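Data from structure15.pdb: PDB, C-alpha atoms (C1' of nucleotides)
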```
ATOM      1  CA  MET X   1      -8.513  -5.376  10.755
ATOM      2  CA  ALA X   2      -6.333  -8.226  11.888
ATOM      3  CA  ARG X   3      -2.734  -9.143  11.338
ATOM      4  CA  ALA X   4      -1.564  -8.880   7.743
ATOM      5  CA  ALA X   5      -1.965 -12.040   5.707
ATOM      6  CA  THR X   6       0.997 -14.360   5.621
ATOM      7  CA  THR X   7       0.774 -13.975   1.865
ATOM      8  CA  ALA X   8       1.043 -10.197   2.126
ATOM      9  CA  ASP X   9       4.774 -10.164   1.494
ATOM     10  CA  ALA X  10       8.016 -12.047   2.079
ATOM     11  CA  PHE X  11       8.357 -10.602   5.583
ATOM     12  CA  ASN X  12       5.102 -12.171   6.695
ATOM     13  CA  ALA X  13       5.623 -15.421   4.843
ATOM     14  CA  VAL X  14       9.022 -15.912   6.385
ATOM     15  CA  ALA X  15       7.942 -15.132   9.935
ATOM     16  CA  GLU X  16       6.826 -18.749  10.210
ATOM     17  CA  PRO X  17       9.754 -20.977  11.243
ATOM     18  CA  ARG X  18       8.501 -23.988   9.279
ATOM     19  CA  ARG X  19       8.509 -21.949   6.122
ATOM     20  CA  ARG X  20      12.081 -20.892   6.747
ATOM     21  CA  GLU X  21      12.967 -24.541   7.201
ATOM     22  CA  ILE X  22      11.346 -25.347   3.886
ATOM     23  CA  LEU X  23      13.345 -22.633   2.172
ATOM     24  CA  ASP X  24      16.510 -23.894   3.817
ATOM     25  CA  LEU X  25      15.852 -27.336   2.403
ATOM     26  CA  LEU X  26      15.054 -25.996  -1.039
ATOM     27  CA  ALA X  27      18.310 -24.084  -0.972
ATOM     28  CA  GLY X  28      19.915 -27.483  -1.521
ATOM     29  CA  GLY X  29      17.963 -27.993  -4.731
ATOM     30  CA  GLU X  30      14.587 -28.935  -6.119
ATOM     31  CA  ARG X  31      12.417 -31.182  -3.945
ATOM     32  CA  ALA X  32       9.157 -33.026  -4.175
ATOM     33  CA  VAL X  33       6.507 -32.445  -1.538
ATOM     34  CA  ASN X  34       6.804 -35.861   0.054
ATOM     35  CA  ASP X  35      10.507 -35.353   0.235
ATOM     36  CA  LEU X  36       9.905 -32.274   2.362
ATOM     37  CA  VAL X  37       7.243 -34.029   4.408
ATOM     38  CA  GLU X  38       9.815 -36.596   5.437
ATOM     39  CA  GLU X  39      12.573 -34.139   6.291
ATOM     40  CA  LEU X  40      10.378 -31.833   8.321
ATOM     41  CA  ALA X  41       8.385 -33.741  10.902
ATOM     42  CA  LEU X  42       5.161 -32.345   9.547
ATOM     43  CA  ALA X  43       1.993 -33.726   7.970
ATOM     44  CA  GLN X  44       1.615 -33.552   4.227
ATOM     45  CA  PRO X  45      -1.323 -31.113   4.172
ATOM     46  CA  GLN X  46       0.532 -28.579   6.317
ATOM     47  CA  VAL X  47       3.538 -28.787   4.044
ATOM     48  CA  SER X  48       1.357 -28.226   0.999
ATOM     49  CA  LYS X  49      -0.240 -25.254   2.730
ATOM     50  CA  HIS X  50       3.099 -23.720   3.629
ATOM     51  CA  LEU X  51       4.258 -24.227   0.077
ATOM     52  CA  ARG X  52       1.195 -22.444  -1.181
ATOM     53  CA  VAL X  53       2.011 -19.406   0.938
ATOM     54  CA  LEU X  54       5.593 -19.439  -0.280
ATOM     55  CA  ARG X  55       4.381 -19.691  -3.841
ATOM     56  CA  GLU X  56       1.962 -16.805  -3.454
ATOM     57  CA  VAL X  57       4.708 -14.463  -2.349
ATOM     58  CA  GLY X  58       7.025 -15.719  -5.061
ATOM     59  CA  LEU X  59       9.539 -17.373  -2.775
ATOM     60  CA  VAL X  60       9.264 -20.702  -4.564
ATOM     61  CA  ASP X  61       8.407 -21.959  -8.024
ATOM     62  CA  VAL X  62       6.809 -25.261  -8.967
ATOM     63  CA  ARG X  63       7.260 -27.663 -11.802
ATOM     64  CA  ASP X  64       5.179 -30.711 -12.624
ATOM     65  CA  GLU X  65       7.033 -33.948 -13.045
ATOM     66  CA  GLY X  66       4.649 -36.801 -13.558
ATOM     67  CA  ARG X  67       2.626 -37.208 -10.418
ATOM     68  CA  GLN X  68       5.078 -35.224  -8.384
ATOM     69  CA  ARG X  69       5.407 -31.503  -7.982
ATOM     70  CA  LEU X  70       8.935 -30.261  -7.680
ATOM     71  CA  TYR X  71       9.407 -27.071  -5.704
ATOM     72  CA  ARG X  72      12.365 -24.826  -6.212
ATOM     73  CA  LEU X  73      13.696 -21.822  -4.325
ATOM     74  CA  ASN X  74      13.346 -18.360  -5.813
ATOM     75  CA  GLY X  75      15.959 -16.562  -3.757
ATOM     76  CA  PRO X  76      15.649 -13.043  -5.164
ATOM     77  CA  ALA X  77      12.229 -12.750  -3.511
ATOM     78  CA  LEU X  78      14.190 -12.457  -0.258
ATOM     79  CA  LYS X  79      16.073  -9.411  -1.430
ATOM     80  CA  PRO X  80      13.661  -6.865   0.074
ATOM     81  CA  ILE X  81      14.226  -8.387   3.495
ATOM     82  CA  HIS X  82      17.953  -8.399   3.001
ATOM     83  CA  ASP X  83      17.939  -4.821   1.803
ATOM     84  CA  TRP X  84      15.928  -3.627   4.770
ATOM     85  CA  VAL X  85      17.853  -5.449   7.440
ATOM     86  CA  SER X  86      21.244  -4.708   5.916
ATOM     87  CA  SER X  87      20.828  -1.022   6.586
ATOM     88  CA  TYR X  88      21.032  -1.910  10.275
ATOM     89  CA  GLU X  89      24.185  -3.950   9.969
ATOM     90  CA  ARG X  90      26.259  -1.033  11.192
ATOM     91  CA  THR X  91      24.644  -1.330  14.598
ATOM     92  CA  TRP X  92      26.372  -4.584  15.398
ATOM     93  CA  SER X  93      29.253  -4.987  12.978
ATOM     94  CA  GLU X  94      32.582  -3.664  14.150
ATOM     95  CA  ARG X  95      33.619  -3.422  10.558
ATOM     96  CA  PHE X  96      30.890  -0.876   9.931
ATOM     97  CA  GLU X  97      31.534   0.996  13.141
ATOM     98  CA  ARG X  98      35.088   1.594  11.998
ATOM     99  CA  LEU X  99      33.857   2.642   8.598
ATOM    100  CA  ASP X 100      31.600   5.160  10.307
ATOM    101  CA  VAL X 101      34.572   6.672  12.093
ATOM    102  CA  VAL X 102      36.485   6.979   8.840
ATOM    103  CA  LEU X 103      33.558   8.584   7.080
ATOM    104  CA  ARG X 104      33.036  11.043   9.932
ATOM    105  CA  ASP X 105      36.684  11.990   9.707
ATOM    106  CA  LEU X 106      36.538  12.469   5.962
ATOM    107  CA  LYS X 107      33.435  14.558   6.274
ATOM    108  CA  ARG X 108      34.998  16.774   8.889
ATOM    109  CA  LYS X 109      38.074  17.366   6.751
ATOM    110  CA  ASP X 110      35.941  17.992   3.710
ATOM    111  CA  GLU X 111      33.841  20.618   5.449
ATOM    112  CA  GLY X 112      36.928  22.569   6.517
ATOM    113  CA  ASP X 113      38.478  22.581  10.003
ATOM    114  CA  ASP X 114      36.532  25.348  11.687
ATOM    115  CA  GLY X 115      36.390  22.857  14.559
ATOM    116  CA  ASP X 116      33.086  23.621  16.285
ATOM    117  CA  ASP X 117      33.301  20.776  18.817
TER     118      ASP X 117
ATOM    119  CA  MET O   1      -2.670 -23.340  17.835
ATOM    120  CA  ALA O   2      -2.682 -20.140  15.825
ATOM    121  CA  ARG O   3      -0.045 -18.007  14.230
ATOM    122  CA  ALA O   4       3.015 -17.435  16.380
ATOM    123  CA  ALA O   5       2.798 -14.369  18.588
ATOM    124  CA  THR O   6       4.226 -11.169  17.212
ATOM    125  CA  THR O   7       6.382 -11.183  20.317
ATOM    126  CA  ALA O   8       7.714 -14.633  19.548
ATOM    127  CA  ASP O   9      10.855 -13.331  17.865
ATOM    128  CA  ALA O  10      12.255 -10.540  15.716
ATOM    129  CA  PHE O  11      10.969 -12.189  12.535
ATOM    130  CA  ASN O  12       7.385 -11.952  13.693
ATOM    131  CA  ALA O  13       7.728  -8.517  15.252
ATOM    132  CA  VAL O  14       9.192  -7.085  12.091
ATOM    133  CA  ALA O  15       6.595  -8.585   9.775
ATOM    134  CA  GLU O  16       4.339  -5.639  10.599
ATOM    135  CA  PRO O  17       5.183  -2.666   8.326
ATOM    136  CA  ARG O  18       4.367  -0.068  10.978
ATOM    137  CA  ARG O  19       6.899  -1.597  13.284
ATOM    138  CA  ARG O  20       9.532  -1.461  10.585
ATOM    139  CA  GLU O  21       8.679   2.200  10.118
ATOM    140  CA  ILE O  22       9.138   2.782  13.816
ATOM    141  CA  LEU O  23      12.529   1.120  13.726
ATOM    142  CA  ASP O  24      13.494   3.185  10.696
ATOM    143  CA  LEU O  25      12.659   6.336  12.604
ATOM    144  CA  LEU O  26      14.516   5.204  15.688
ATOM    145  CA  ALA O  27      17.545   4.509  13.516
ATOM    146  CA  GLY O  28      17.900   8.280  13.420
ATOM    147  CA  GLY O  29      18.159   8.487  17.193
ATOM    148  CA  GLU O  30      16.144   8.384  20.391
ATOM    149  CA  ARG O  31      12.523   9.485  20.140
ATOM    150  CA  ALA O  32       9.612  10.156  22.454
ATOM    151  CA  VAL O  33       6.325   8.402  21.793
ATOM    152  CA  ASN O  34       4.460  11.517  20.718
ATOM    153  CA  ASP O  35       7.270  12.265  18.359
ATOM    154  CA  LEU O  36       6.629   8.948  16.651
ATOM    155  CA  VAL O  37       2.882   9.457  16.736
ATOM    156  CA  GLU O  38       3.316  12.604  14.698
ATOM    157  CA  GLU O  39       5.681  11.147  12.133
ATOM    158  CA  LEU O  40       3.672   8.016  11.519
ATOM    159  CA  ALA O  41       0.036   8.826  10.803
ATOM    160  CA  LEU O  42      -1.073   6.594  13.634
ATOM    161  CA  ALA O  43      -2.978   6.990  16.893
ATOM    162  CA  GLN O  44      -1.015   7.127  20.117
ATOM    163  CA  PRO O  45      -2.347   3.875  21.598
ATOM    164  CA  GLN O  46      -1.369   1.884  18.530
ATOM    165  CA  VAL O  47       2.102   3.340  18.616
ATOM    166  CA  SER O  48       2.452   2.413  22.277
ATOM    167  CA  LYS O  49       1.264  -1.073  21.485
ATOM    168  CA  HIS O  50       3.723  -1.505  18.653
ATOM    169  CA  LEU O  51       6.490  -0.228  20.887
ATOM    170  CA  ARG O  52       5.562  -2.800  23.471
ATOM    171  CA  VAL O  53       5.963  -5.586  20.964
ATOM    172  CA  LEU O  54       9.311  -4.204  19.865
ATOM    173  CA  ARG O  55      10.411  -3.955  23.468
ATOM    174  CA  GLU O  56       9.369  -7.519  24.240
ATOM    175  CA  VAL O  57      11.550  -8.906  21.473
ATOM    176  CA  GLY O  58      14.424  -6.637  22.451
ATOM    177  CA  LEU O  59      14.385  -4.511  19.332
ATOM    178  CA  VAL O  60      14.092  -1.278  21.303
ATOM    179  CA  ASP O  61      15.043  -0.004  24.735
ATOM    180  CA  VAL O  62      13.289   2.640  26.792
ATOM    181  CA  ARG O  63      14.480   5.368  29.066
ATOM    182  CA  ASP O  64      12.377   7.592  31.307
ATOM    183  CA  GLU O  65      12.914  11.290  30.908
ATOM    184  CA  GLY O  66      10.455  13.219  33.024
ATOM    185  CA  ARG O  67       7.013  12.561  31.730
ATOM    186  CA  GLN O  68       8.325  11.306  28.434
ATOM    187  CA  ARG O  69       9.588   7.881  27.500
ATOM    188  CA  LEU O  70      12.435   7.879  25.073
ATOM    189  CA  TYR O  71      12.725   4.849  22.852
ATOM    190  CA  ARG O  72      15.952   3.805  21.293
ATOM    191  CA  LEU O  73      16.860   1.218  18.663
ATOM    192  CA  ASN O  74      18.630  -1.953  19.673
ATOM    193  CA  GLY O  75      19.992  -2.972  16.302
ATOM    194  CA  PRO O  76      21.775  -6.207  17.226
ATOM    195  CA  ALA O  77      18.374  -7.817  17.849
ATOM    196  CA  LEU O  78      18.039  -7.812  14.070
ATOM    197  CA  LYS O  79      21.154  -9.872  13.570
ATOM    198  CA  PRO O  80      19.356 -13.245  13.488
ATOM    199  CA  ILE O  81      17.288 -12.031  10.563
ATOM    200  CA  HIS O  82      20.320 -10.689   8.787
ATOM    201  CA  ASP O  83      22.223 -13.902   9.360
ATOM    202  CA  TRP O  84      19.438 -16.027   7.996
ATOM    203  CA  VAL O  85      18.688 -13.983   4.933
ATOM    204  CA  SER O  86      22.342 -13.343   4.104
ATOM    205  CA  SER O  87      22.893 -16.996   3.390
ATOM    206  CA  TYR O  88      20.608 -16.533   0.388
ATOM    207  CA  GLU O  89      22.433 -13.518  -0.962
ATOM    208  CA  ARG O  90      24.267 -15.672  -3.466
ATOM    209  CA  THR O  91      20.970 -16.352  -5.228
ATOM    210  CA  TRP O  92      20.690 -12.815  -6.533
ATOM    211  CA  SER O  93      24.097 -11.200  -6.229
ATOM    212  CA  GLU O  94      26.316 -11.474  -9.265
ATOM    213  CA  ARG O  95      29.243 -10.885  -7.005
ATOM    214  CA  PHE O  96      28.483 -14.111  -5.173
ATOM    215  CA  GLU O  97      27.762 -16.056  -8.313
ATOM    216  CA  ARG O  98      31.255 -15.234  -9.521
ATOM    217  CA  LEU O  99      32.674 -16.188  -6.147
ATOM    218  CA  ASP O 100      30.931 -19.527  -6.475
ATOM    219  CA  VAL O 101      32.640 -20.153  -9.783
ATOM    220  CA  VAL O 102      36.009 -19.335  -8.293
ATOM    221  CA  LEU O 103      35.418 -21.602  -5.323
ATOM    222  CA  ARG O 104      34.292 -24.446  -7.540
ATOM    223  CA  ASP O 105      37.461 -24.078  -9.562
ATOM    224  CA  LEU O 106      39.666 -24.031  -6.508
ATOM    225  CA  LYS O 107      37.942 -27.072  -5.121
ATOM    226  CA  ARG O 108      38.409 -28.996  -8.310
ATOM    227  CA  LYS O 109      42.102 -28.181  -8.416
ATOM    228  CA  ASP O 110      42.487 -29.024  -4.761
ATOM    229  CA  GLU O 111      40.903 -32.432  -5.138
ATOM    230  CA  GLY O 112      43.246 -33.381  -7.942
ATOM    231  CA  ASP O 113      42.320 -33.537 -11.611
ATOM    232  CA  ASP O 114      41.006 -37.078 -11.900
ATOM    233  CA  GLY O 115      38.187 -35.391 -13.777
ATOM    234  CA  ASP O 116      35.143 -37.576 -13.089
ATOM    235  CA  ASP O 117      32.658 -35.241 -14.781
TER     236      ASP O 117
ATOM    237  C1'  DT H   1      -4.549  19.543  45.209
ATOM    238  C1'  DT H   2      -5.808  20.377  40.705
ATOM    239  C1'  DG H   3      -5.205  20.469  35.933
ATOM    240  C1'  DA H   4      -2.505  19.598  31.854
ATOM    241  C1'  DC H   5       0.313  16.728  29.457
ATOM    242  C1'  DA H   6       2.546  12.066  28.075
ATOM    243  C1'  DT H   7       2.064   7.353  27.815
ATOM    244  C1'  DA H   8       0.114   2.751  28.776
ATOM    245  C1'  DT H   9      -3.665  -0.383  29.264
ATOM    246  C1'  DT H  10      -8.227  -2.345  28.576
ATOM    247  C1'  DC H  11     -12.135  -3.729  25.976
ATOM    248  C1'  DC H  12     -14.260  -4.558  21.486
ATOM    249  C1'  DC H  13     -14.576  -6.849  16.935
ATOM    250  C1'  DA H  14     -13.512  -8.846  12.417
ATOM    251  C1'  DT H  15     -10.183 -11.620  10.574
ATOM    252  C1'  DA H  16      -6.488 -14.925   9.175
ATOM    253  C1'  DT H  17      -3.810 -18.188  11.124
ATOM    254  C1'  DC H  18      -1.871 -23.150  12.095
ATOM    255  C1'  DG H  19      -2.493 -27.806  12.947
ATOM    256  C1'  DG H  20      -5.663 -31.825  12.525
ATOM    257  C1'  DT H  21      -8.628 -34.704   9.891
ATOM    258  C1'  DA H  22     -11.095 -35.897   5.946
ATOM    259  C1'  DT H  23     -11.607 -35.648   1.264
ATOM    260  C1'  DA H  24     -10.853 -34.125  -3.560
ATOM    261  C1'  DT H  25      -7.944 -34.081  -7.706
ATOM    262  C1'  DA H  26      -4.486 -35.805 -10.650
ATOM    263  C1'  DT H  27      -1.332 -39.255 -12.628
ATOM    264  C1'  DT H  28       0.417 -43.823 -13.347
ATOM    265  C1'  DG H  29       0.214 -48.814 -14.030
ATOM    266  C1'  DA H  30      -2.262 -53.163 -14.423
TER     267       DA H  30
ATOM    268  C1'  DT L   1     -11.664 -49.245 -15.409
ATOM    269  C1'  DC L   2      -9.671 -49.833 -10.854
ATOM    270  C1'  DA L   3      -6.180 -49.412  -7.315
ATOM    271  C1'  DA L   4      -2.153 -46.970  -5.775
ATOM    272  C1'  DT L   5       0.456 -42.980  -5.283
ATOM    273  C1'  DA L   6       1.240 -37.855  -4.900
ATOM    274  C1'  DT L   7      -0.526 -33.580  -3.837
ATOM    275  C1'  DA L   8      -4.054 -30.047  -2.922
ATOM    276  C1'  DT L   9      -8.158 -28.342  -0.791
ATOM    277  C1'  DA L  10     -12.030 -27.879   2.604
ATOM    278  C1'  DC L  11     -13.591 -27.713   7.102
ATOM    279  C1'  DC L  12     -12.905 -27.151  12.159
ATOM    280  C1'  DG L  13     -11.394 -24.865  16.534
ATOM    281  C1'  DA L  14      -8.459 -22.120  19.390
ATOM    282  C1'  DT L  15      -5.978 -18.103  19.340
ATOM    283  C1'  DA L  16      -3.595 -13.585  18.756
ATOM    284  C1'  DT L  17      -3.952  -9.879  16.003
ATOM    285  C1'  DG L  18      -4.450  -4.554  14.811
ATOM    286  C1'  DG L  19      -7.119  -0.581  14.844
ATOM    287  C1'  DG L  20     -10.619   2.199  17.431
ATOM    288  C1'  DA L  21     -12.333   4.233  21.565
ATOM    289  C1'  DA L  22     -12.267   4.903  26.329
ATOM    290  C1'  DT L  23      -9.800   5.041  30.365
ATOM    291  C1'  DA L  24      -5.968   4.367  33.617
ATOM    292  C1'  DT L  25      -1.357   5.667  35.222
ATOM    293  C1'  DG L  26       2.307   8.796  35.899
ATOM    294  C1'  DT L  27       4.614  13.269  36.084
ATOM    295  C1'  DC L  28       5.120  18.066  36.243
ATOM    296  C1'  DA L  29       3.723  22.932  37.390
ATOM    297  C1'  DA L  30       1.098  26.230  39.824
TER     298       DA L  30
END
```

Whole structure given in structure tokens:
Amino acid sequence: MARAATTADAFNAVAEPRRREILDLLAGGERAVNDLVEELALAQPQVSKHLRVLREVGLVDVRDEGRQRLYRLNGPALKPIHDWVSSYERTWSERFERLDVVLRDLKRKDEGDDGDD
Amino acid sequence: MARAATTADAFNAVAEPRRREILDLLAGGERAVNDLVEELALAQPQVSKHLRVLREVGLVDVRDEGRQRLYRLNGPALKPIHDWVSSYERTWSERFERLDVVLRDLKRKDEGDDGDD
DNA sequence: TTGACATATTCCCATATCGGTATATATTGA
DNA sequence: TCAATATATACCGATATGGGAATATGTCAA
């Protein structure tokens, strides 16, 4: 076996920086391929290939408009990543550290004060 | 050139599901390698190799304890991922959609009502 | 020192990748 | 129908991968 396909899931698709750049651009609205080619300093075939990967994992949608193809962000496909990584937020956010303290306190009070520490 | 190394950054390191599992386990506290080997259904060498990748991108820290090596999560290394993906939260969270409406309203009022729409 | 245990490293192989280049497919207009 | 434009696909080469198996390194205990 080798590394999982880039089309395996959003995690793999998004590991490529160029693809994140593409998504960042699409966050501003629908774009044609050549439009993206110009903004990224990348050749047209590579952009088309990246877009294909993004399409296969559902991160973008396409629409035909004459001879152009307009790509559009499908944000919700990023939710699994957000959900996973958010559960770690407490490890760096002071806000969550304080919340932890409060919850620990509440729990202690709730379990009765037979103070075993 | 080929795909970016798994050790290139947290995005690439975390694209591998096994490594996410390892991090999930370490979220519960320090663990020795064999401990992880048992919980994941994975051979010891592969676990060591995954841990190496995680160490190289700073996602885990190690500590020697006799003949064991205790690995520990370093959550803040996930912050770049969280930061990136959070900016897309508005695309699926109703909460943020409503916030957008409010902000649009405020902006309109703030810019004066010379209603050019 | 020897043996047992814990972990890391090395070697192997099949595979998918990314960029480059060339070409194929579509759509429009003359 | 032919040329121009827009996009997708095919082919190439170098490379790192992940699991498997074998082995190396390190540490403790007797």

Which residues of chain O are close to chain X, meaning at most 7 Å apart when you count only C-alpha atoms, and how do they look as a list in words?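 Listed by rising number, the hits are Phe11, Asn12, Ala15, Gly75, Pro76, His82, Val85, Ser86, Tyr88, Thr91 and Trp92 of chain O.
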
Among L:DT27, L:DT17, L:DT1, L:DT7, Glu65 (chain O) is approached most closely, using only C-alpha atoms (C1' of nucleotides), by L:DT27

Report as a ChimeraX atom specification the full result of the PyMOL selection byres ((chain O) within 9 of (chain H)) when it is applied to this structure. /O:1-4,33-34,44-45,48-49,67-69

Chain L contacts to chain O at 12 Å (all atoms listed in the file) as a list in words: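 The selection requested is DG13, DA14, DT15, DA16, DT17, DG18, DG19, DG20, DA21, DA22, DT23, DT25, DG26, DT27 and DC28 of chain L.
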
Taking all atoms of region 91-101 of chain X that appear in the file, build a box with edges along x, y and z, extend it by 4 Å on every side, and state its centre and edge lengths in Å to one decimal, as lines of an AutoDock Vina configuration file.
```
center_x = 29.9
center_y = 0.8
center_z = 12.0
size_x = 18.4
size_y = 19.7
size_z = 14.8
```

Moved chain O, fitted on chain X by every C-alpha in sequence order, as a compact mmCIF listing (two decimals) with C-alpha atoms, in the coordinates of the input:
```
# COMPACT_ATOMS: atom_id res chain seq x y z
CA MET O 1 -8.59 -5.47 10.66
CA ALA O 2 -6.35 -8.25 11.89
CA ARG O 3 -2.75 -9.17 11.40
CA ALA O 4 -1.54 -8.87 7.83
CA ALA O 5 -1.94 -12.04 5.79
CA THR O 6 0.99 -14.39 5.68
CA THR O 7 0.78 -13.95 1.93
CA ALA O 8 1.05 -10.20 2.21
CA ASP O 9 4.79 -10.15 1.60
CA ALA O 10 8.02 -12.05 2.18
CA PHE O 11 8.36 -10.63 5.70
CA ASN O 12 5.11 -12.20 6.80
CA ALA O 13 5.62 -15.45 4.92
CA VAL O 14 9.03 -15.95 6.45
CA ALA O 15 7.94 -15.21 10.01
CA GLU O 16 6.79 -18.82 10.28
CA PRO O 17 9.74 -21.07 11.26
CA ARG O 18 8.47 -24.05 9.27
CA ARG O 19 8.49 -21.99 6.14
CA ARG O 20 12.06 -20.93 6.78
CA GLU O 21 12.93 -24.59 7.20
CA ILE O 22 11.32 -25.36 3.88
CA LEU O 23 13.33 -22.63 2.20
CA ASP O 24 16.50 -23.91 3.83
CA LEU O 25 15.84 -27.33 2.39
CA LEU O 26 15.04 -25.96 -1.03
CA ALA O 27 18.31 -24.04 -0.94
CA GLY O 28 19.90 -27.43 -1.53
CA GLY O 29 17.98 -27.92 -4.75
CA GLU O 30 14.59 -28.85 -6.16
CA ARG O 31 12.43 -31.10 -4.01
CA ALA O 32 9.16 -32.97 -4.28
CA VAL O 33 6.51 -32.40 -1.63
CA ASN O 34 6.81 -35.84 -0.07
CA ASP O 35 10.51 -35.32 0.12
CA LEU O 36 9.91 -32.27 2.28
CA VAL O 37 7.25 -34.04 4.31
CA GLU O 38 9.82 -36.62 5.32
CA GLU O 39 12.57 -34.18 6.20
CA LEU O 40 10.38 -31.88 8.24
CA ALA O 41 8.38 -33.82 10.82
CA LEU O 42 5.16 -32.41 9.45
CA ALA O 43 1.99 -33.78 7.86
CA GLN O 44 1.62 -33.57 4.11
CA PRO O 45 -1.33 -31.14 4.08
CA GLN O 46 0.50 -28.63 6.24
CA VAL O 47 3.52 -28.80 3.99
CA SER O 48 1.34 -28.20 0.95
CA LYS O 49 -0.26 -25.27 2.70
CA HIS O 50 3.06 -23.73 3.62
CA LEU O 51 4.24 -24.20 0.06
CA ARG O 52 1.18 -22.39 -1.17
CA VAL O 53 1.99 -19.39 0.97
CA LEU O 54 5.58 -19.41 -0.25
CA ARG O 55 4.38 -19.64 -3.82
CA GLU O 56 1.96 -16.75 -3.41
CA VAL O 57 4.71 -14.42 -2.26
CA GLY O 58 7.04 -15.65 -4.99
CA LEU O 59 9.54 -17.32 -2.71
CA VAL O 60 9.27 -20.64 -4.53
CA ASP O 61 8.42 -21.86 -8.00
CA VAL O 62 6.82 -25.14 -8.98
CA ARG O 63 7.30 -27.52 -11.84
CA ASP O 64 5.20 -30.55 -12.71
CA GLU O 65 7.08 -33.77 -13.15
CA GLY O 66 4.68 -36.64 -13.68
CA ARG O 67 2.66 -37.08 -10.57
CA GLN O 68 5.12 -35.11 -8.51
CA ARG O 69 5.44 -31.38 -8.06
CA LEU O 70 8.96 -30.15 -7.74
CA TYR O 71 9.43 -26.99 -5.74
CA ARG O 72 12.38 -24.74 -6.22
CA LEU O 73 13.70 -21.74 -4.30
CA ASN O 74 13.35 -18.28 -5.75
CA GLY O 75 15.97 -16.51 -3.68
CA PRO O 76 15.66 -12.97 -5.06
CA ALA O 77 12.24 -12.71 -3.40
CA LEU O 78 14.18 -12.43 -0.16
CA LYS O 79 16.08 -9.38 -1.30
CA PRO O 80 13.66 -6.85 0.22
CA ILE O 81 14.24 -8.39 3.63
CA HIS O 82 17.97 -8.41 3.15
CA ASP O 83 17.96 -4.82 1.98
CA TRP O 84 15.97 -3.65 4.95
CA VAL O 85 17.88 -5.50 7.60
CA SER O 86 21.29 -4.75 6.09
CA SER O 87 20.87 -1.08 6.80
CA TYR O 88 21.08 -1.99 10.48
CA GLU O 89 24.23 -4.03 10.15
CA ARG O 90 26.32 -1.13 11.38
CA THR O 91 24.67 -1.45 14.78
CA TRP O 92 26.42 -4.71 15.57
CA SER O 93 29.31 -5.07 13.16
CA GLU O 94 32.62 -3.73 14.36
CA ARG O 95 33.68 -3.51 10.78
CA PHE O 96 30.96 -0.95 10.13
CA GLU O 97 31.59 0.94 13.32
CA ARG O 98 35.16 1.50 12.18
CA LEU O 99 33.93 2.53 8.76
CA ASP O 100 31.70 5.08 10.44
CA VAL O 101 34.67 6.60 12.20
CA VAL O 102 36.58 6.84 8.95
CA LEU O 103 33.65 8.44 7.17
CA ARG O 104 33.14 10.94 9.96
CA ASP O 105 36.78 11.90 9.72
CA LEU O 106 36.66 12.30 5.98
CA LYS O 107 33.55 14.39 6.23
CA ARG O 108 35.09 16.68 8.77
CA LYS O 109 38.17 17.21 6.62
CA ASP O 110 36.05 17.74 3.55
CA GLU O 111 33.94 20.42 5.19
CA GLY O 112 36.98 22.40 6.22
CA ASP O 113 38.37 22.61 9.74
CA ASP O 114 36.37 25.49 11.16
CA GLY O 115 35.94 23.14 14.10
CA ASP O 116 32.55 24.06 15.57
CA ASP O 117 32.48 21.20 18.08
```

As an exercise, work out the distance from CA of Arg18 (chain X) to CA of Arg52 (chain O) in Å and give it to one decimal place. 25.7 Å

Mind pulling up the distance from CA of Glu21 (chain O) to CA of Val53 (chain O)?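 Straight-line distance from CA of Val53 (chain O) to CA of Glu21 (chain O) works out to 13.6 Å.
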
Reconstruct region 98-107 of chain X at the level of N, CA and C atoms, and format the result as a PDB file, in the coordinates of the input.
```
ATOM      1  N   ARG X  98      33.829   0.964  12.386  1.00  0.00           N
ATOM      2  CA  ARG X  98      35.088   1.594  11.998  1.00  0.00           C
ATOM      3  C   ARG X  98      34.902   2.428  10.739  1.00  0.00           C
ATOM      4  N   LEU X  99      34.120   1.894   9.824  1.00  0.00           N
ATOM      5  CA  LEU X  99      33.857   2.642   8.598  1.00  0.00           C
ATOM      6  C   LEU X  99      33.191   3.975   8.935  1.00  0.00           C
ATOM      7  N   ASP X 100      32.268   3.928   9.888  1.00  0.00           N
ATOM      8  CA  ASP X 100      31.600   5.160  10.307  1.00  0.00           C
ATOM      9  C   ASP X 100      32.606   6.206  10.780  1.00  0.00           C
ATOM     10  N   VAL X 101      33.562   5.750  11.572  1.00  0.00           N
ATOM     11  CA  VAL X 101      34.572   6.672  12.093  1.00  0.00           C
ATOM     12  C   VAL X 101      35.336   7.307  10.937  1.00  0.00           C
ATOM     13  N   VAL X 102      35.742   6.476   9.987  1.00  0.00           N
ATOM     14  CA  VAL X 102      36.485   6.979   8.840  1.00  0.00           C
ATOM     15  C   VAL X 102      35.663   8.012   8.066  1.00  0.00           C
ATOM     16  N   LEU X 103      34.409   7.675   7.849  1.00  0.00           N
ATOM     17  CA  LEU X 103      33.558   8.584   7.080  1.00  0.00           C
ATOM     18  C   LEU X 103      33.353   9.902   7.820  1.00  0.00           C
ATOM     19  N   ARG X 104      33.203   9.813   9.135  1.00  0.00           N
ATOM     20  CA  ARG X 104      33.036  11.043   9.932  1.00  0.00           C
ATOM     21  C   ARG X 104      34.280  11.913   9.795  1.00  0.00           C
ATOM     22  N   ASP X 105      35.419  11.260   9.859  1.00  0.00           N
ATOM     23  CA  ASP X 105      36.684  11.990   9.707  1.00  0.00           C
ATOM     24  C   ASP X 105      36.759  12.684   8.355  1.00  0.00           C
ATOM     25  N   LEU X 106      36.465  11.916   7.313  1.00  0.00           N
ATOM     26  CA  LEU X 106      36.538  12.469   5.962  1.00  0.00           C
ATOM     27  C   LEU X 106      35.612  13.663   5.835  1.00  0.00           C
ATOM     28  N   LYS X 107      34.442  13.511   6.386  1.00  0.00           N
ATOM     29  CA  LYS X 107      33.435  14.558   6.274  1.00  0.00           C
ATOM     30  C   LYS X 107      33.930  15.826   6.966  1.00  0.00           C
TER      31      LYS X 107
END
```
